Every structure is written in C-alpha cells, then in structure tokens.
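Structure data follow from my_file_13.txt (compact mmCIF, C-alpha atoms and all ligand atoms):
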# COMPACT_ATOMS: atom_id res chain seq x y z
CA MET Q 19 7.15 78.39 -3.60
CA ALA Q 20 5.40 79.85 -6.57
CA ILE Q 21 5.03 83.15 -8.32
CA ARG Q 22 1.39 84.24 -8.24
CA LYS Q 23 -0.46 86.26 -10.84
CA ILE Q 24 -0.73 89.93 -9.90
CA SER Q 25 -4.23 91.44 -9.91
CA GLU Q 26 -4.43 94.70 -11.78
CA TYR Q 27 -6.68 97.73 -11.68
CA PRO Q 28 -9.73 97.66 -12.00
CA GLU Q 29 -10.10 94.11 -10.66
CA GLU Q 30 -12.79 94.05 -8.00
CA VAL Q 31 -10.68 92.41 -5.29
CA LEU Q 32 -8.44 95.50 -5.17
CA GLY Q 33 -11.35 97.64 -3.98
CA LYS Q 34 -12.58 95.36 -1.21
CA VAL Q 35 -11.95 95.66 2.52
CA GLY Q 36 -9.94 92.55 3.36
CA LYS Q 37 -11.08 89.87 5.77
CA PRO Q 38 -8.99 89.41 8.91
CA VAL Q 39 -6.31 86.73 8.94
CA GLU Q 40 -7.47 84.22 11.53
CA LYS Q 41 -5.35 81.12 10.97
CA PHE Q 42 -1.64 81.34 11.61
CA ASP Q 43 -0.60 78.00 10.21
CA GLU Q 44 1.72 76.45 7.64
CA GLU Q 45 -0.63 77.47 4.87
CA LEU Q 46 -0.22 81.13 5.83
CA ALA Q 47 3.56 80.78 6.03
CA ALA Q 48 3.59 79.22 2.54
CA LEU Q 49 1.35 81.99 1.22
CA CYS Q 50 3.75 84.61 2.61
CA GLU Q 51 6.67 82.87 0.88
CA ASP Q 52 4.77 83.01 -2.40
CA MET Q 53 4.03 86.68 -1.80
CA PHE Q 54 7.71 87.48 -1.22
CA GLU Q 55 8.68 85.53 -4.33
CA THR Q 56 6.02 87.29 -6.41
CA MET Q 57 7.09 90.69 -5.05
CA TYR Q 58 10.80 90.13 -5.77
CA ASP Q 59 10.03 88.76 -9.24
CA ALA Q 60 8.06 91.93 -10.02
CA GLU Q 61 10.79 94.09 -8.44
CA GLY Q 62 8.40 95.60 -5.93
CA VAL Q 63 9.07 96.63 -2.33
CA GLY Q 64 5.69 95.54 -0.99
CA LEU Q 65 2.82 93.27 -1.93
CA ALA Q 66 -0.59 92.86 -0.33
CA ALA Q 67 -2.84 89.80 -0.53
CA PRO Q 68 -5.56 91.52 -2.63
CA GLN Q 69 -2.87 92.02 -5.28
CA ILE Q 70 -2.79 88.27 -5.81
CA GLY Q 71 -6.57 88.00 -5.77
CA LEU Q 72 -7.06 87.22 -2.07
CA ASN Q 73 -9.47 89.23 0.02
CA LEU Q 74 -7.26 89.18 3.11
CA ARG Q 75 -5.67 91.72 5.44
CA LEU Q 76 -2.09 90.69 4.82
CA PHE Q 77 1.01 92.17 3.23
CA VAL Q 78 4.71 91.53 2.89
CA MET Q 79 7.40 94.12 2.35
CA ASP Q 80 11.14 94.51 1.97
CA CYS Q 81 11.97 98.17 1.79
CA GLU Q 82 15.00 100.12 3.02
CA GLY Q 83 16.09 97.37 5.39
CA ILE Q 84 12.62 96.67 6.76
CA LYS Q 85 11.56 93.17 5.79
CA LEU Q 86 8.37 91.95 7.39
CA ILE Q 87 5.08 90.09 7.17
CA ALA Q 88 2.08 92.08 8.40
CA ALA Q 89 -1.21 90.34 9.07
CA ASN Q 90 -4.15 92.45 10.21
CA PRO Q 91 -2.12 95.66 9.86
CA GLU Q 92 -3.12 98.97 11.38
CA ILE Q 93 -1.42 102.34 11.24
CA ILE Q 94 -1.54 103.52 14.84
CA GLU Q 95 0.45 106.75 14.59
CA THR Q 96 1.57 109.16 11.92
CA SER Q 97 3.44 112.44 11.91
CA GLY Q 98 4.89 114.97 9.52
CA GLU Q 99 4.43 115.07 5.79
CA GLN Q 100 6.32 113.96 2.69
CA SER Q 101 5.67 114.38 -0.97
CA GLY Q 102 7.19 111.77 -3.26
CA GLN Q 103 6.78 109.36 -6.11
CA GLU Q 104 4.80 106.24 -5.58
CA GLY Q 105 3.78 103.36 -7.81
CA CYS Q 106 1.96 100.07 -7.50
CA LEU Q 107 2.44 96.64 -9.09
CA SER Q 108 -1.34 96.54 -9.65
CA VAL Q 109 -1.27 99.76 -11.65
CA GLY Q 110 1.66 98.88 -13.90
CA LYS Q 111 4.09 100.87 -11.73
CA VAL Q 112 2.94 104.09 -13.39
CA PRO Q 113 4.27 106.65 -10.90
CA ALA Q 114 2.56 109.60 -9.32
CA VAL Q 115 3.45 112.05 -6.59
CA VAL Q 116 1.46 111.30 -3.44
CA VAL Q 117 1.51 113.29 -0.21
CA ARG Q 118 1.84 111.01 2.84
CA PRO Q 119 2.88 111.34 6.47
CA MET Q 120 6.70 111.32 6.92
CA LYS Q 121 6.57 108.82 9.79
CA ALA Q 122 4.20 105.95 10.46
CA LYS Q 123 3.88 103.34 13.17
CA LEU Q 124 2.54 99.96 12.11
CA LYS Q 125 0.87 97.46 14.39
CA ALA Q 126 0.39 93.98 12.95
CA GLN Q 127 0.80 90.25 13.52
CA ASN Q 128 3.62 88.15 12.13
CA GLU Q 129 3.12 84.74 10.48
CA LYS Q 130 2.93 83.15 13.94
CA GLY Q 131 0.19 85.50 15.08
CA GLU Q 132 2.45 87.51 17.40
CA TRP Q 133 1.63 91.22 17.57
CA PHE Q 134 4.41 93.72 16.94
CA GLU Q 135 4.86 97.42 16.37
CA ARG Q 136 7.33 98.98 13.99
CA GLU Q 137 8.12 102.56 13.16
CA ALA Q 138 9.36 103.77 9.81
CA GLU Q 139 10.25 107.01 8.12
CA GLY Q 140 10.36 108.24 4.54
CA TYR Q 141 10.00 105.64 1.81
CA ALA Q 142 9.48 102.73 4.22
CA ALA Q 143 6.71 104.67 6.01
CA ARG Q 144 5.18 105.22 2.58
CA ALA Q 145 5.27 101.43 2.04
CA PHE Q 146 3.53 100.81 5.42
CA LEU Q 147 0.78 103.23 4.42
CA HIS Q 148 0.46 102.02 0.81
CA GLU Q 149 0.26 98.33 1.78
CA THR Q 150 -2.11 98.88 4.71
CA ASP Q 151 -4.33 100.84 2.30
CA HIS Q 152 -4.44 97.77 0.02
CA CYS Q 153 -5.86 95.75 2.93
CA ASP Q 154 -8.65 98.35 3.19
CA GLY Q 155 -9.41 98.25 -0.54
CA THR Q 156 -7.70 101.57 -1.23
CA LEU Q 157 -5.19 102.15 -4.02
CA PHE Q 158 -2.62 104.95 -4.08
CA ILE Q 159 -4.45 106.47 -7.03
CA ASP Q 160 -7.44 107.01 -4.73
CA HIS Q 161 -5.33 109.66 -2.97
CA LEU Q 162 -4.91 111.64 -6.17
CA PRO Q 163 -7.12 114.50 -7.33
CA LYS Q 164 -9.67 113.27 -9.90
CA MET Q 165 -7.93 114.72 -12.97
CA ARG Q 166 -4.52 113.28 -12.08
CA ARG Q 167 -6.09 109.92 -11.23
CA GLU Q 168 -7.84 109.77 -14.61
CA MET Q 169 -4.64 110.69 -16.44
CA LEU Q 170 -2.70 107.98 -14.63
CA ILE Q 171 -5.35 105.34 -15.41
CA LYS Q 172 -5.28 106.37 -19.07
CA LYS Q 173 -1.50 106.00 -19.13
CA PHE Q 174 -1.70 102.61 -17.43
CA LYS Q 175 -4.28 101.33 -19.92
CA LYS Q 176 -2.22 102.59 -22.84
CA GLU Q 177 0.94 100.86 -21.57
CA LYS Q 178 -1.01 97.68 -20.97
CA ASN Q 179 -2.20 97.63 -24.57
CA TRP Q 180 1.35 97.97 -25.85
CA LYS Q 181 2.47 94.82 -24.06
NI NI B 201 0.35 98.68 -4.38
Could you write out this structure as structure tokens?
Amino acid sequence: MAIRKISEYPEEVLGKVGKPVEKFDEELAALCEDMFETMYDAEGVGLAAPQIGLNLRLFVMDCEGIKLIAANPEIIETSGEQSGQEGCLSVGKVPAVVVRPMKAKLKAQNEKGEWFEREAEGYAARAFLHETDHCDGTLFIDHLPKMRREMLIKKFKKEKNWK
C-alpha cells in the first residue's frame, strides 16, 4: 500500500472524461487499496482516480457508513434537492455551497467486476454525485456560478501559496 500524490486544480487530468475500467485484476485491487489509504491520509470521504493522476472511471468512498469501490460509475436516479457545503481534495478543501439532488442511486462495478446498485441520501448522495462527476472530468466548482467559482479558485491559490 502506498499514499499517492493528489492532483490539484488546474491539472489537466481532472478535466478529462475517464476511460472505462476494463481489467478487474490484482492490480486494480491494489490501486483501490492505495486510493483508500490516500483518501484516509488526506481526511477525505471520497477519492476518484483522476485525483491521483489516472484517467480512469473509478472512485472509492467511505462516507456516513457507505464504504465502497465504484468502477464505471453511473448515477441512474436522482430525486429531491439539497443545498450544502462541499469541498474537494483537489481544490484544497476550500468549501462552497453546492445544490445537489437529495437522493441518488449509483450503479457501478466492484473490484471484481460485479455490478451493483446503491442508494444514498444527504451527504453520502452528495459524495456519489461528486465522485461520479470526477470520472466525467467535472469538478464541484464547475457547478458554481462564474463569480463564486472565480472567488473560490482565488482563495485556493492564495492558500496554496501560504503552504
Ligand atoms: Ni473531489
């Protein structure tokens, strides 16, 4: 197991549509272990492959009792609406309020390639949506109005320079 380096905005890989996961082998299982370790080390609740520089449709999460590996994730149903704070390890965890559906149903494959569906609500649904977005090259800041997005990026860059 190893902690991987986290890609940060505006690295190109974060804006790319990921390639499908095709091989469900030991290498993938080891990659997922690294992703969990990297996520826990950074105190995140989800981490997608593009965030460690890999152009792949894959994420891991451990959020409100839902711990899973999702390869080739799709959001197949959403309902309701919630407004709440969201942050991202690739944007220095600078938070912003993002409006998202209240419930989301995820369809994905586990590390063995088996398809599953899982429903979540509230913060965990937000994690499903945020991480699936990463696999499509979308960041949470892309959901913000232009002015708020620019302010957040400014804040992120400022904090980065202080480190
Ligand atoms: Ni993120």
Checklist entry - Taking all atoms listed in the file into account, which residues are within 10 Å of ligand NI 201 (chain B), as a VMD selection string? => result chain Q and resid 26 32 62 to 66 68 to 69 104 to 111 145 147 to 152 156 to 159
Grab the residues selected above and save them as a short mmCIF file (atom, residue, chain, number, x, y, z; two decimals), in the frame of the given file with C-alpha atoms.
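What follows is the written file part-v6.cif:
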data_model
loop_
_atom_site.label_atom_id
_atom_site.label_comp_id
_atom_site.auth_asym_id
_atom_site.auth_seq_id
_atom_site.Cartn_x
_atom_site.Cartn_y
_atom_site.Cartn_z
CA GLU Q 26 -4.43 94.70 -11.78
CA LEU Q 32 -8.44 95.50 -5.17
CA GLY Q 62 8.40 95.60 -5.93
CA VAL Q 63 9.07 96.63 -2.33
CA GLY Q 64 5.69 95.54 -0.99
CA LEU Q 65 2.82 93.27 -1.93
CA ALA Q 66 -0.59 92.86 -0.33
CA PRO Q 68 -5.56 91.52 -2.63
CA GLN Q 69 -2.87 92.02 -5.28
CA GLU Q 104 4.80 106.24 -5.58
CA GLY Q 105 3.78 103.36 -7.81
CA CYS Q 106 1.96 100.07 -7.50
CA LEU Q 107 2.44 96.64 -9.09
CA SER Q 108 -1.34 96.54 -9.65
CA VAL Q 109 -1.27 99.76 -11.65
CA GLY Q 110 1.66 98.88 -13.90
CA LYS Q 111 4.09 100.87 -11.73
CA ALA Q 145 5.27 101.43 2.04
CA LEU Q 147 0.78 103.23 4.42
CA HIS Q 148 0.46 102.02 0.81
CA GLU Q 149 0.26 98.33 1.78
CA THR Q 150 -2.11 98.88 4.71
CA ASP Q 151 -4.33 100.84 2.30
CA HIS Q 152 -4.44 97.77 0.02
CA THR Q 156 -7.70 101.57 -1.23
CA LEU Q 157 -5.19 102.15 -4.02
CA PHE Q 158 -2.62 104.95 -4.08
CA ILE Q 159 -4.45 106.47 -7.03
#
Checklist entry - To one decimal place, how far is CA of Met165 in chain Q from CA of Lys178 in chain Q in Å? => result 20.1 Å
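Take CA of Pro163 in chain Q and CA of Arg144 in chain Q: the distance between them is 18.3 Å.
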Checklist outcome for this item: As a check of understanding: the span from CA of Ile70 in chain Q to CA of Glu177 in chain Q is 20.5 Å
When you look at range 53-59 of chain Q with a cut-off of 12 Å (counting only C-alpha atoms), what residues show up, excluding the ones that are within fewer than 5 positions of it in the same chain? I need them as a PDB file with C-alpha atoms, in the coordinates of the input.
ATOM      1  CA  MET Q  19       7.150  78.390  -3.600  1.00  0.00           C
ATOM      2  CA  ALA Q  20       5.400  79.850  -6.570  1.00  0.00           C
ATOM      3  CA  ILE Q  21       5.030  83.150  -8.320  1.00  0.00           C
ATOM      4  CA  ARG Q  22       1.390  84.240  -8.240  1.00  0.00           C
ATOM      5  CA  LYS Q  23      -0.460  86.260 -10.840  1.00  0.00           C
ATOM      6  CA  ILE Q  24      -0.730  89.930  -9.900  1.00  0.00           C
ATOM      7  CA  SER Q  25      -4.230  91.440  -9.910  1.00  0.00           C
ATOM      8  CA  LEU Q  46      -0.220  81.130   5.830  1.00  0.00           C
ATOM      9  CA  ALA Q  47       3.560  80.780   6.030  1.00  0.00           C
ATOM     10  CA  ALA Q  48       3.590  79.220   2.540  1.00  0.00           C
ATOM     11  CA  GLY Q  64       5.690  95.540  -0.990  1.00  0.00           C
ATOM     12  CA  LEU Q  65       2.820  93.270  -1.930  1.00  0.00           C
ATOM     13  CA  ALA Q  66      -0.590  92.860  -0.330  1.00  0.00           C
ATOM     14  CA  ALA Q  67      -2.840  89.800  -0.530  1.00  0.00           C
ATOM     15  CA  PRO Q  68      -5.560  91.520  -2.630  1.00  0.00           C
ATOM     16  CA  GLN Q  69      -2.870  92.020  -5.280  1.00  0.00           C
ATOM     17  CA  ILE Q  70      -2.790  88.270  -5.810  1.00  0.00           C
ATOM     18  CA  GLY Q  71      -6.570  88.000  -5.770  1.00  0.00           C
ATOM     19  CA  LEU Q  72      -7.060  87.220  -2.070  1.00  0.00           C
ATOM     20  CA  LEU Q  76      -2.090  90.690   4.820  1.00  0.00           C
ATOM     21  CA  PHE Q  77       1.010  92.170   3.230  1.00  0.00           C
ATOM     22  CA  VAL Q  78       4.710  91.530   2.890  1.00  0.00           C
ATOM     23  CA  MET Q  79       7.400  94.120   2.350  1.00  0.00           C
ATOM     24  CA  ASP Q  80      11.140  94.510   1.970  1.00  0.00           C
ATOM     25  CA  CYS Q  81      11.970  98.170   1.790  1.00  0.00           C
ATOM     26  CA  LYS Q  85      11.560  93.170   5.790  1.00  0.00           C
ATOM     27  CA  LEU Q  86       8.370  91.950   7.390  1.00  0.00           C
ATOM     28  CA  ILE Q  87       5.080  90.090   7.170  1.00  0.00           C
ATOM     29  CA  ALA Q  88       2.080  92.080   8.400  1.00  0.00           C
ATOM     30  CA  CYS Q 106       1.960 100.070  -7.500  1.00  0.00           C
ATOM     31  CA  LEU Q 107       2.440  96.640  -9.090  1.00  0.00           C
ATOM     32  CA  SER Q 108      -1.340  96.540  -9.650  1.00  0.00           C
TER      33      SER Q 108
END
Checklist entry - So which residues touch Gln100 in chain Q within 7 Å, counting all atoms listed in the file, skipping near sequence neighbours fewer than 2 positions away, as an MDAnalysis selection string? => result chainID Q and resid 102 117:120
Resulting file, chosen residues, C-alpha atoms, as a PDB file, in the coordinates of the input:
ATOM      1  CA  GLY Q 102       7.190 111.770  -3.260  1.00  0.00           C
ATOM      2  CA  VAL Q 117       1.510 113.290  -0.210  1.00  0.00           C
ATOM      3  CA  ARG Q 118       1.840 111.010   2.840  1.00  0.00           C
ATOM      4  CA  PRO Q 119       2.880 111.340   6.470  1.00  0.00           C
ATOM      5  CA  MET Q 120       6.700 111.320   6.920  1.00  0.00           C
TER       6      MET Q 120
END
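Residues lying within 7 Å of Gln103 in chain Q, counting all atoms listed in the file and ignoring same-chain neighbours fewer than 3 positions away, are Q:Pro113, Q:Ala114, Q:Val115, Q:Val116.
Using all atoms listed in the file for every distance, the candidate list Q:Asp154, Q:Glu29, Q:Asp160, Q:Glu92 yields Q:Glu92 as the residue closest to Glu135 in chain Q.
Closest approach to Phe174 in chain Q among Q:Ile94, Q:Lys123, Q:Ala142, Q:Val112 is made by Q:Val112 (distances from all atoms listed in the file).
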Item to check | Among listed residues Q:Leu74, Q:Leu124, Q:Ile171, Q:Val35, nearest Cys50 in chain Q (using all atoms listed in the file) | outcome: Q:Leu74
Next on the checklist: From the options Q:Gly131, Q:Gly83, Q:Glu139, Q:Asn73, which residue's atoms come nearest to Glu44 in chain Q, counting all atoms listed in the file?
Outcome noted: Q:Gly131
Next on the checklist: Which residue is closest to Val31 in chain Q? Choose from Q:Ala122, Q:Ala60, Q:Cys153, Q:Ala138 and count only C-alpha atoms.
Outcome noted: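 Smallest distance to Val31 in chain Q is found for Q:Cys153.
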How about completing range 29-56 of chain Q with N, CA and C atoms and giving it to me as a tab-separated table (two decimals), keeping the file's coordinate frame?
chain	number	residue	atom	x	y	z
Q	29	GLU	N	-9.54	95.34	-11.23
Q	29	GLU	CA	-10.10	94.11	-10.66
Q	29	GLU	C	-10.77	94.40	-9.31
Q	30	GLU	N	-11.92	93.76	-9.14
Q	30	GLU	CA	-12.79	94.05	-8.00
Q	30	GLU	C	-12.12	93.83	-6.64
Q	31	VAL	N	-11.31	92.78	-6.56
Q	31	VAL	CA	-10.68	92.41	-5.29
Q	31	VAL	C	-9.82	93.55	-4.73
Q	32	LEU	N	-9.31	94.40	-5.60
Q	32	LEU	CA	-8.44	95.50	-5.17
Q	32	LEU	C	-9.22	96.59	-4.43
Q	33	GLY	N	-10.53	96.60	-4.62
Q	33	GLY	CA	-11.35	97.64	-3.98
Q	33	GLY	C	-12.13	97.15	-2.77
Q	34	LYS	N	-11.82	95.93	-2.33
Q	34	LYS	CA	-12.58	95.36	-1.21
Q	34	LYS	C	-11.82	95.49	0.11
Q	35	VAL	N	-12.57	95.69	1.19
Q	35	VAL	CA	-11.95	95.66	2.52
Q	35	VAL	C	-11.63	94.19	2.83
Q	36	GLY	N	-10.38	93.93	3.15
Q	36	GLY	CA	-9.94	92.55	3.36
Q	36	GLY	C	-10.53	91.92	4.61
Q	37	LYS	N	-10.62	90.61	4.57
Q	37	LYS	CA	-11.08	89.87	5.77
Q	37	LYS	C	-9.88	89.64	6.69
Q	38	PRO	N	-10.11	89.62	7.99
Q	38	PRO	CA	-8.99	89.41	8.91
Q	38	PRO	C	-8.33	88.05	8.71
Q	39	VAL	N	-7.03	88.01	8.92
Q	39	VAL	CA	-6.31	86.73	8.94
Q	39	VAL	C	-6.61	86.10	10.30
Q	40	GLU	N	-7.11	84.87	10.27
Q	40	GLU	CA	-7.47	84.22	11.53
Q	40	GLU	C	-6.63	82.99	11.84
Q	41	LYS	N	-6.15	82.34	10.78
Q	41	LYS	CA	-5.35	81.12	10.97
Q	41	LYS	C	-3.88	81.40	10.72
Q	42	PHE	N	-3.08	81.14	11.74
Q	42	PHE	CA	-1.64	81.34	11.61
Q	42	PHE	C	-0.98	79.96	11.55
Q	43	ASP	N	-1.06	79.38	10.38
Q	43	ASP	CA	-0.60	78.00	10.21
Q	43	ASP	C	0.42	77.90	9.07
Q	44	GLU	N	0.73	76.66	8.71
Q	44	GLU	CA	1.72	76.45	7.64
Q	44	GLU	C	1.24	77.02	6.31
Q	45	GLU	N	-0.07	76.96	6.12
Q	45	GLU	CA	-0.63	77.47	4.87
Q	45	GLU	C	-0.35	78.97	4.73
Q	46	LEU	N	-0.50	79.68	5.85
Q	46	LEU	CA	-0.22	81.13	5.83
Q	46	LEU	C	1.27	81.39	5.57
Q	47	ALA	N	2.12	80.61	6.23
Q	47	ALA	CA	3.56	80.78	6.03
Q	47	ALA	C	3.93	80.54	4.56
Q	48	ALA	N	3.31	79.52	3.95
Q	48	ALA	CA	3.59	79.22	2.54
Q	48	ALA	C	3.07	80.34	1.64
Q	49	LEU	N	1.91	80.88	1.99
Q	49	LEU	CA	1.35	81.99	1.22
Q	49	LEU	C	2.30	83.20	1.27
Q	50	CYS	N	2.83	83.48	2.46
Q	50	CYS	CA	3.75	84.61	2.61
Q	50	CYS	C	5.02	84.40	1.78
Q	51	GLU	N	5.50	83.17	1.72
Q	51	GLU	CA	6.67	82.87	0.88
Q	51	GLU	C	6.37	83.15	-0.58
Q	52	ASP	N	5.20	82.73	-1.01
Q	52	ASP	CA	4.77	83.01	-2.40
Q	52	ASP	C	4.68	84.52	-2.64
Q	53	MET	N	4.18	85.23	-1.64
Q	53	MET	CA	4.03	86.68	-1.80
Q	53	MET	C	5.39	87.36	-1.93
Q	54	PHE	N	6.35	86.92	-1.10
Q	54	PHE	CA	7.71	87.48	-1.22
Q	54	PHE	C	8.28	87.17	-2.61
Q	55	GLU	N	8.11	85.92	-3.03
Q	55	GLU	CA	8.68	85.53	-4.33
Q	55	GLU	C	8.05	86.34	-5.47
Q	56	THR	N	6.74	86.52	-5.38
Q	56	THR	CA	6.02	87.29	-6.41
Q	56	THR	C	6.48	88.75	-6.40
